[in-house]
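Below: run-v6.cif (mmCIF, C-alpha atoms and all ligand atoms)
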```cif
data_query
loop_
_atom_site.label_atom_id
_atom_site.label_comp_id
_atom_site.auth_asym_id
_atom_site.auth_seq_id
_atom_site.Cartn_x
_atom_site.Cartn_y
_atom_site.Cartn_z
CA MET A 129 -22.29 -14.28 -32.65
CA PHE A 130 -22.15 -10.56 -32.00
CA ASP A 131 -24.02 -9.75 -28.84
CA GLU A 132 -24.80 -6.07 -28.69
CA SER A 133 -26.13 -6.09 -25.15
CA GLU A 134 -22.85 -7.51 -23.88
CA THR A 135 -20.88 -4.85 -25.77
CA VAL A 136 -22.99 -2.04 -24.34
CA GLY A 137 -22.62 -3.55 -20.90
CA ARG A 138 -18.87 -3.75 -21.26
CA GLU A 139 -18.57 -0.17 -22.48
CA TYR A 140 -20.72 0.98 -19.58
CA LEU A 141 -18.40 -0.80 -17.16
CA TRP A 142 -15.38 0.80 -18.80
CA MET A 143 -17.01 4.20 -18.49
CA LEU A 144 -17.71 3.63 -14.80
CA ALA A 145 -14.20 2.32 -14.23
CA ARG A 146 -12.74 5.34 -16.05
CA ARG A 147 -14.57 7.61 -13.66
CA GLY A 148 -13.33 5.54 -10.74
CA MET A 149 -16.92 4.86 -9.82
CA GLY A 150 -18.91 1.71 -9.51
CA LEU A 151 -15.91 -0.59 -9.40
CA GLN A 152 -17.27 -3.97 -8.48
CA LEU A 153 -15.41 -6.16 -6.04
CA PHE A 154 -15.51 -9.96 -5.97
CA HIS A 155 -17.01 -9.87 -2.48
CA GLN A 156 -19.59 -7.54 -1.00
CA ASP A 157 -18.94 -8.48 2.63
CA ASN A 158 -15.23 -7.76 3.14
CA ASP A 159 -16.01 -5.40 6.01
CA ALA A 160 -17.62 -8.27 7.91
CA PHE A 161 -15.16 -10.90 6.66
CA TYR A 162 -12.05 -9.11 7.90
CA ASP A 163 -11.41 -7.69 11.36
CA LEU A 164 -10.39 -4.31 9.95
CA VAL A 165 -10.39 -2.60 13.33
CA ARG A 166 -7.86 -5.10 14.69
CA LEU A 167 -5.67 -4.83 11.58
CA ARG A 168 -5.63 -1.03 11.74
CA LYS A 169 -4.88 -1.14 15.48
CA ARG A 170 -1.94 -3.48 14.86
CA ALA A 171 -0.60 -1.11 12.20
CA ALA A 172 -0.90 1.84 14.59
CA GLU A 173 0.94 -0.16 17.28
CA PHE A 174 3.77 -1.09 14.91
CA VAL A 175 4.16 2.59 13.99
CA ALA A 176 3.91 4.07 17.49
CA GLY A 177 6.24 1.41 18.96
CA SER A 178 9.09 2.23 16.59
CA SER A 179 11.87 4.27 18.17
CA LEU A 180 12.86 5.57 14.74
CA ILE A 181 9.38 6.90 13.99
CA CYS A 182 8.93 8.32 17.52
CA ARG A 183 12.22 10.15 17.24
CA ALA A 184 11.23 11.52 13.86
CA LYS A 185 7.94 12.68 15.35
CA SER A 186 9.73 14.58 18.09
CA GLY A 187 11.75 16.48 15.51
CA ASP A 188 14.95 14.42 15.45
CA ARG A 189 16.39 15.28 12.04
CA GLU A 190 18.74 12.30 11.94
CA ALA A 191 15.80 9.93 12.46
CA ALA A 192 13.68 11.69 9.82
CA VAL A 193 16.54 11.51 7.30
CA ALA A 194 17.11 7.82 8.10
CA LEU A 195 13.38 7.13 7.65
CA LYS A 196 13.22 8.90 4.30
CA THR A 197 16.44 7.50 2.86
CA SER A 198 16.31 3.91 4.16
CA PHE A 199 12.73 3.20 3.06
CA TRP A 200 13.27 4.83 -0.34
CA PRO A 201 14.36 1.60 -2.11
CA PHE A 202 11.03 0.03 -1.14
CA VAL A 203 8.96 3.12 -2.01
CA GLN A 204 10.66 3.17 -5.40
CA GLU A 205 10.20 -0.56 -6.11
CA PHE A 206 6.59 -0.73 -4.94
CA GLU A 207 5.14 0.77 -8.13
CA LEU A 208 7.32 -1.51 -10.29
CA ALA A 209 6.25 -4.59 -8.34
CA ILE A 210 2.57 -3.72 -8.88
CA ASP A 211 3.26 -3.32 -12.59
CA GLN A 212 4.96 -6.69 -12.87
CA GLN A 213 2.40 -8.79 -11.03
CA PRO A 214 0.45 -10.96 -13.48
CA LEU A 215 -3.23 -11.30 -12.67
CA PRO A 216 -4.35 -14.65 -14.07
CA ARG A 217 -8.05 -15.02 -14.78
CA GLU A 218 -8.34 -18.79 -14.43
CA PRO A 219 -8.29 -19.04 -10.63
CA LEU A 220 -10.96 -16.35 -10.49
CA ALA A 221 -13.11 -18.03 -13.16
CA ARG A 222 -12.81 -21.33 -11.26
CA LYS A 223 -13.88 -19.69 -8.02
CA PHE A 224 -16.52 -17.23 -9.18
CA GLY A 225 -17.62 -18.61 -12.55
CA ASP A 226 -16.77 -17.19 -15.93
CA ALA A 227 -19.52 -14.53 -16.10
CA ALA A 228 -18.86 -13.08 -12.64
CA MET A 229 -15.10 -13.14 -13.26
CA ARG A 230 -15.54 -11.16 -16.51
CA ARG A 231 -17.92 -8.67 -14.92
CA VAL A 232 -15.48 -7.76 -12.15
CA PHE A 233 -12.11 -8.38 -13.80
CA VAL A 234 -12.20 -5.55 -16.37
CA GLY A 235 -12.68 -2.92 -13.69
CA MET A 236 -10.14 -4.57 -11.40
CA ALA A 237 -7.46 -4.71 -14.08
CA ARG A 238 -7.98 -1.03 -14.75
CA ALA A 239 -7.97 -0.24 -11.03
CA MET A 240 -4.60 -2.01 -10.77
CA ARG A 241 -3.17 0.13 -13.56
CA GLU A 242 -4.41 3.24 -11.77
CA MET A 243 -2.96 1.97 -8.51
CA LYS A 244 0.42 1.53 -10.19
CA SER A 245 0.44 5.08 -11.51
CA GLU A 246 -0.81 6.53 -8.21
CA GLU A 247 1.96 4.74 -6.35
CA GLY A 248 4.38 6.24 -8.87
CA SER A 249 3.16 9.70 -7.92
CA HIS A 250 3.40 8.80 -4.23
CA ALA A 251 7.04 7.83 -4.78
CA ALA A 252 7.62 11.20 -6.46
CA HIS A 253 6.12 12.91 -3.38
CA TRP A 254 8.38 10.85 -1.11
CA ARG A 255 11.37 12.04 -3.12
CA LYS A 256 10.28 15.68 -3.19
CA ASP A 257 9.65 15.64 0.58
CA ALA A 258 13.16 14.21 1.02
CA GLU A 259 14.58 17.11 -0.98
CA CYS A 260 12.71 19.48 1.33
CA LEU A 261 14.47 17.74 4.20
CA GLY A 262 17.82 18.52 2.59
CA ILE A 263 18.42 15.04 1.13
CA SER A 264 19.96 15.39 -2.30
CA PHE A 265 21.09 11.84 -2.92
CA PHE A 266 19.65 8.39 -2.25
CA ALA A 267 22.32 5.72 -1.80
CA ASP A 268 21.53 2.33 -3.27
CA ASP A 269 22.33 0.26 -0.19
CA ARG A 270 19.45 -1.63 1.28
CA ILE A 271 18.85 -2.55 4.89
CA PRO A 272 18.17 -6.35 5.01
CA ALA A 273 14.54 -6.02 6.13
CA VAL A 274 13.90 -3.37 3.47
CA GLN A 275 15.17 -5.92 0.93
CA GLU A 276 12.78 -8.46 2.48
CA LEU A 277 9.91 -6.01 1.94
CA ILE A 278 10.94 -5.61 -1.69
CA ASP A 279 11.23 -9.38 -2.17
CA ARG A 280 7.78 -9.88 -0.72
CA ALA A 281 6.33 -7.26 -3.06
CA TYR A 282 7.65 -9.37 -5.96
CA THR A 283 6.16 -12.65 -4.72
CA ARG A 284 4.31 -14.73 -7.30
CA ASP A 285 1.85 -15.92 -4.63
CA ILE A 286 -0.92 -13.55 -5.62
CA SER A 287 -2.87 -13.67 -2.38
CA LEU A 288 0.35 -12.99 -0.45
CA PHE A 289 1.10 -10.15 -2.88
CA PHE A 290 -2.23 -8.43 -2.19
CA SER A 291 -1.84 -9.06 1.57
CA MET A 292 1.51 -7.30 1.27
CA LEU A 293 -0.14 -4.39 -0.54
CA ALA A 294 -2.85 -4.22 2.12
CA GLY A 295 -0.26 -4.25 4.92
CA THR A 296 1.61 -1.48 3.12
CA GLU A 297 -1.56 0.63 2.88
CA PHE A 298 -2.35 0.16 6.58
CA ILE A 299 1.19 1.13 7.56
CA ALA A 300 1.27 4.10 5.15
CA GLU A 301 -2.00 5.44 6.54
CA GLU A 302 -1.09 4.94 10.18
CA LEU A 303 2.42 6.36 9.66
CA SER A 304 0.80 9.39 8.06
CA ARG A 305 -1.72 9.78 10.89
CA PHE A 306 1.09 9.52 13.43
CA LEU A 307 3.40 12.08 11.87
CA VAL A 308 1.44 14.52 9.76
CA ASP A 309 0.17 16.71 12.60
CA SER A 310 3.47 16.82 14.45
CA GLN A 311 4.89 20.27 13.90
CA ASP A 312 8.19 19.06 15.33
CA PHE A 313 8.32 16.63 12.39
CA THR A 314 6.84 18.75 9.60
CA GLY A 315 8.97 21.70 10.79
CA LEU A 316 12.04 19.76 9.62
CA PHE A 317 10.89 20.19 5.99
CA SER A 318 11.53 23.45 4.17
CA ARG A 319 7.85 23.75 3.18
CA LYS A 320 6.75 22.80 6.72
CA ARG A 321 4.54 20.06 5.29
CA TRP A 322 4.94 16.37 4.69
CA MET A 323 3.00 15.91 1.48
CA TRP A 324 3.36 12.12 1.25
CA GLY A 325 1.60 11.85 4.60
CA GLU A 326 -1.11 14.32 3.67
CA ILE A 327 -1.86 12.37 0.48
CA HIS A 328 -2.23 9.08 2.32
CA LEU A 329 -4.81 10.60 4.66
CA ALA A 330 -6.87 12.25 1.92
CA PRO A 331 -10.36 10.73 1.69
CA HIS A 332 -11.09 8.47 -1.29
CA ASP A 333 -14.01 10.39 -2.72
CA ASP A 334 -13.66 9.01 -6.23
CA GLY A 335 -14.15 5.32 -5.79
CA ARG A 336 -12.65 2.34 -4.03
CA SER A 337 -9.54 2.74 -1.93
CA HIS A 338 -6.40 0.76 -2.69
CA LEU A 339 -6.95 -1.05 0.59
CA GLU A 340 -10.44 -2.24 -0.37
CA ILE A 341 -9.14 -3.56 -3.70
CA ASP A 342 -6.10 -5.23 -2.08
CA LEU A 343 -8.16 -7.03 0.54
CA ASP A 344 -10.75 -8.12 -2.00
CA LEU A 345 -8.12 -9.61 -4.32
CA ALA A 346 -6.13 -11.20 -1.47
CA ARG A 347 -9.33 -13.09 -0.67
CA ALA A 348 -10.33 -13.73 -4.30
CA TYR A 349 -6.95 -15.34 -5.07
CA GLY A 350 -6.56 -16.88 -1.64
CA SER A 351 -8.38 -18.40 1.25
CA GLU A 352 -11.92 -18.07 2.54
CA ASP A 353 -10.33 -18.30 5.97
CA ALA A 354 -9.98 -14.65 6.99
CA SER A 355 -7.47 -15.45 9.73
CA ARG A 356 -4.97 -16.79 7.16
CA ILE A 357 -5.07 -13.64 5.05
CA GLU A 358 -5.02 -11.43 8.13
CA ALA A 359 -1.92 -13.30 9.33
CA ASP A 360 -0.22 -12.44 6.02
CA VAL A 361 -1.26 -8.78 6.36
CA VAL A 362 0.05 -8.62 9.94
CA SER A 363 3.29 -10.32 8.93
CA ALA A 364 3.81 -7.70 6.19
CA MET A 365 3.17 -4.93 8.72
CA ALA A 366 5.59 -6.59 11.17
CA LEU A 367 8.23 -6.58 8.43
CA PHE A 368 7.90 -2.79 8.17
CA ARG A 369 8.46 -2.57 11.91
CA LYS A 370 11.48 -4.87 11.68
CA ALA A 371 12.84 -2.63 8.93
CA ALA A 372 12.27 0.50 11.02
CA ASP A 373 14.12 -1.13 13.93
CA GLU A 374 17.02 -2.17 11.69
CA ILE A 375 17.18 1.36 10.29
CA ALA A 376 17.27 2.75 13.83
CA ASP A 377 20.09 0.34 14.71
CA ALA A 378 22.04 1.19 11.58
CA ALA A 379 21.74 4.88 12.35
CA LEU A 380 22.76 4.22 15.98
CA LEU A 381 19.48 5.68 17.09
CA SER A 382 18.24 2.85 19.29
CA ALA A 383 17.57 3.72 22.86
FE FE A 401 1.15 5.15 -1.54
#
```
Now, as a test, write the supplied structure out as structure tokens.
Ligand SMILES: [Fe+2]
Amino acid sequence: MFDESETVGREYLWMLARRGMGLQLFHQDNDAFYDLVRLRKRAAEFVAGSSLICRAKSGDREAAVALKTSFWPFVQEFELAIDQQPLPREPLARKFGDAAMRRVFVGMARAMREMKSEEGSHAAHWRKDAECLGISFFADDRIPAVQELIDRAYTRDISLFFSMLAGTEFIAEELSRFLVDSQDFTGLFSRKRWMWGEIHLAPHDDGRSHLEIDLDLARAYGSEDASRIEADVVSAMALFRKAADEIADAALLSA
């Protein structure tokens, strides 16, 4: 039977989602559920403890080039991995009930499509910044831990996938915070700016951040035990650090 009120409701949700406003999450208490301060602090520690990133910050061109080229395979694959992740409805319907699942899922599915295209534009910024650093060619070889990051982005464990995305967001934001104000670093680029970093620090004034969506879905598809999801997020962040250390070793930059 045609139910007009449901149709109107659905169109209204689409309209809100189109504007990036009013996106509903599965949980309203993620800020209390997760220890976000601890997670962000761990990300900042992973970044600041990396010799590669510290050398880049102090204006070491070789380190900056190694950072931009060696992480490129992951930056490039990240958007594709988001695109290829199926989001099954059944586990969500089982957990939240059919009505609640439908109410939230439409907006979430759209938010994921937007996330994919935004990450595509972030990858384009990464590439353009690299050009401004004098890099004209990205080799296809992959450092082992960078390949591990890529493999984890393609996991079919959906909670682990969103934990990986959340860890990536934390690292991207803290890496940006660490480097974007360093004139020794930005001075290496022809336009004296590192746009990828600036973009990751821009406030989300048009709706939910990628991080909020990632953490909500990691929980929706996963455990109600925050420590288990947080362990996955920290392990993803640790993998970025391992990759940075391997890149430093490969470039003979280690102290
Ligand atoms: Fe990004």
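The interatomic distance for the pair CA of Trp322 (chain A) and CA of Phe265 (chain A) works out to 18.4 Å.
Using all atoms listed in the file, the nearest neighbour of ligand FE 401 (chain A) within the list A:His250, A:Arg280, A:Arg336, A:Arg356 is A:His250.
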Could you give me, as a ChimeraX atom specification, every polymer residue with an atom at most 12 Å away from an atom of ligand FE 401 (chain A), counting all atoms listed in the file?
/A:202-207,210,242-254,293-304,323-330,337-339
Atoms kept (C-alpha atoms) for selection, written as an mmCIF file, in the frame of the given file:
```cif
data_model
loop_
_atom_site.group_PDB
_atom_site.id
_atom_site.type_symbol
_atom_site.label_atom_id
_atom_site.label_comp_id
_atom_site.auth_asym_id
_atom_site.auth_seq_id
_atom_site.Cartn_x
_atom_site.Cartn_y
_atom_site.Cartn_z
ATOM 1 C CA PHE A 202 11.030 0.030 -1.140
ATOM 2 C CA VAL A 203 8.960 3.120 -2.010
ATOM 3 C CA GLN A 204 10.660 3.170 -5.400
ATOM 4 C CA GLU A 205 10.200 -0.560 -6.110
ATOM 5 C CA PHE A 206 6.590 -0.730 -4.940
ATOM 6 C CA GLU A 207 5.140 0.770 -8.130
ATOM 7 C CA ILE A 210 2.570 -3.720 -8.880
ATOM 8 C CA GLU A 242 -4.410 3.240 -11.770
ATOM 9 C CA MET A 243 -2.960 1.970 -8.510
ATOM 10 C CA LYS A 244 0.420 1.530 -10.190
ATOM 11 C CA SER A 245 0.440 5.080 -11.510
ATOM 12 C CA GLU A 246 -0.810 6.530 -8.210
ATOM 13 C CA GLU A 247 1.960 4.740 -6.350
ATOM 14 C CA GLY A 248 4.380 6.240 -8.870
ATOM 15 C CA SER A 249 3.160 9.700 -7.920
ATOM 16 C CA HIS A 250 3.400 8.800 -4.230
ATOM 17 C CA ALA A 251 7.040 7.830 -4.780
ATOM 18 C CA ALA A 252 7.620 11.200 -6.460
ATOM 19 C CA HIS A 253 6.120 12.910 -3.380
ATOM 20 C CA TRP A 254 8.380 10.850 -1.110
ATOM 21 C CA LEU A 293 -0.140 -4.390 -0.540
ATOM 22 C CA ALA A 294 -2.850 -4.220 2.120
ATOM 23 C CA GLY A 295 -0.260 -4.250 4.920
ATOM 24 C CA THR A 296 1.610 -1.480 3.120
ATOM 25 C CA GLU A 297 -1.560 0.630 2.880
ATOM 26 C CA PHE A 298 -2.350 0.160 6.580
ATOM 27 C CA ILE A 299 1.190 1.130 7.560
ATOM 28 C CA ALA A 300 1.270 4.100 5.150
ATOM 29 C CA GLU A 301 -2.000 5.440 6.540
ATOM 30 C CA GLU A 302 -1.090 4.940 10.180
ATOM 31 C CA LEU A 303 2.420 6.360 9.660
ATOM 32 C CA SER A 304 0.800 9.390 8.060
ATOM 33 C CA MET A 323 3.000 15.910 1.480
ATOM 34 C CA TRP A 324 3.360 12.120 1.250
ATOM 35 C CA GLY A 325 1.600 11.850 4.600
ATOM 36 C CA GLU A 326 -1.110 14.320 3.670
ATOM 37 C CA ILE A 327 -1.860 12.370 0.480
ATOM 38 C CA HIS A 328 -2.230 9.080 2.320
ATOM 39 C CA LEU A 329 -4.810 10.600 4.660
ATOM 40 C CA ALA A 330 -6.870 12.250 1.920
ATOM 41 C CA SER A 337 -9.540 2.740 -1.930
ATOM 42 C CA HIS A 338 -6.400 0.760 -2.690
ATOM 43 C CA LEU A 339 -6.950 -1.050 0.590
#
```
What is the distance, in Å and to one decimal place, between CA of His332 (chain A) and CA of His155 (chain A)?
19.3 Å
Pairwise distance for CA of Val308 (chain A) and CA of Ala176 (chain A), rounded to one decimal in Å:
13.2 Å
Which neighbours of Ser355 (chain A) fall inside 9 Å, counting all atoms listed in the file, when residues of the same chain fewer than 5 positions from it are skipped, and could you give them as a VMD selection string?
chain A and resid 162 to 163 360
Write out as a ChimeraX atom specification each polymer residue whose atoms come within 10 Å of Asp159 (chain A), counting all atoms listed in the file; drop sequence neighbours fewer than 6 positions from it.
/A:165,340,343-344
Quick one: residues within 10 Å of region 182-196 of chain A, all atoms listed in the file, excluding same-chain residues fewer than 2 positions away - as JSON, numbers by chain?
{"A": [175, 176, 177, 178, 179, 180, 198, 199, 200, 201, 203, 254, 255, 257, 258, 259, 261, 262, 263, 266, 306, 307, 308, 309, 310, 311, 312, 313, 314, 315, 316, 317, 371, 372, 375, 376, 378, 379, 380, 381, 382]}
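Nearest residue to Thr197 (chain A) among A:Gln212, A:Ser287, A:Ser264, A:Gln156 is A:Ser264, counting only C-alpha atoms.
Shortest atom-to-atom contact with Tyr349 (chain A) among A:Met240, A:Leu215, A:Met292, A:Ala160: A:Leu215, counting all atoms listed in the file.
Look at Arg217 (chain A): the protein and nucleic acid residues within 9 Å of it, using all atoms listed in the file and passing over chain neighbours fewer than 5 places away, are Arg222, Met229, Arg230 and Phe233 of chain A.
Considering only C-alpha atoms, the residue among A:Ile271, A:Ala346, A:Ala359, A:Met236 positioned nearest to Gly150 (chain A) is A:Met236.
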Let me know the centre plus edge lengths, in Å and rounded to one decimal, of a box with edges along x, y and z that contains all listed atoms of region 365-379 of chain A and is padded by 4 Å on every side, as lines of an AutoDock Vina configuration file.
```
center_x = 12.6
center_y = -0.9
center_z = 11.4
size_x = 26.9
size_y = 19.5
size_z = 14.5
```
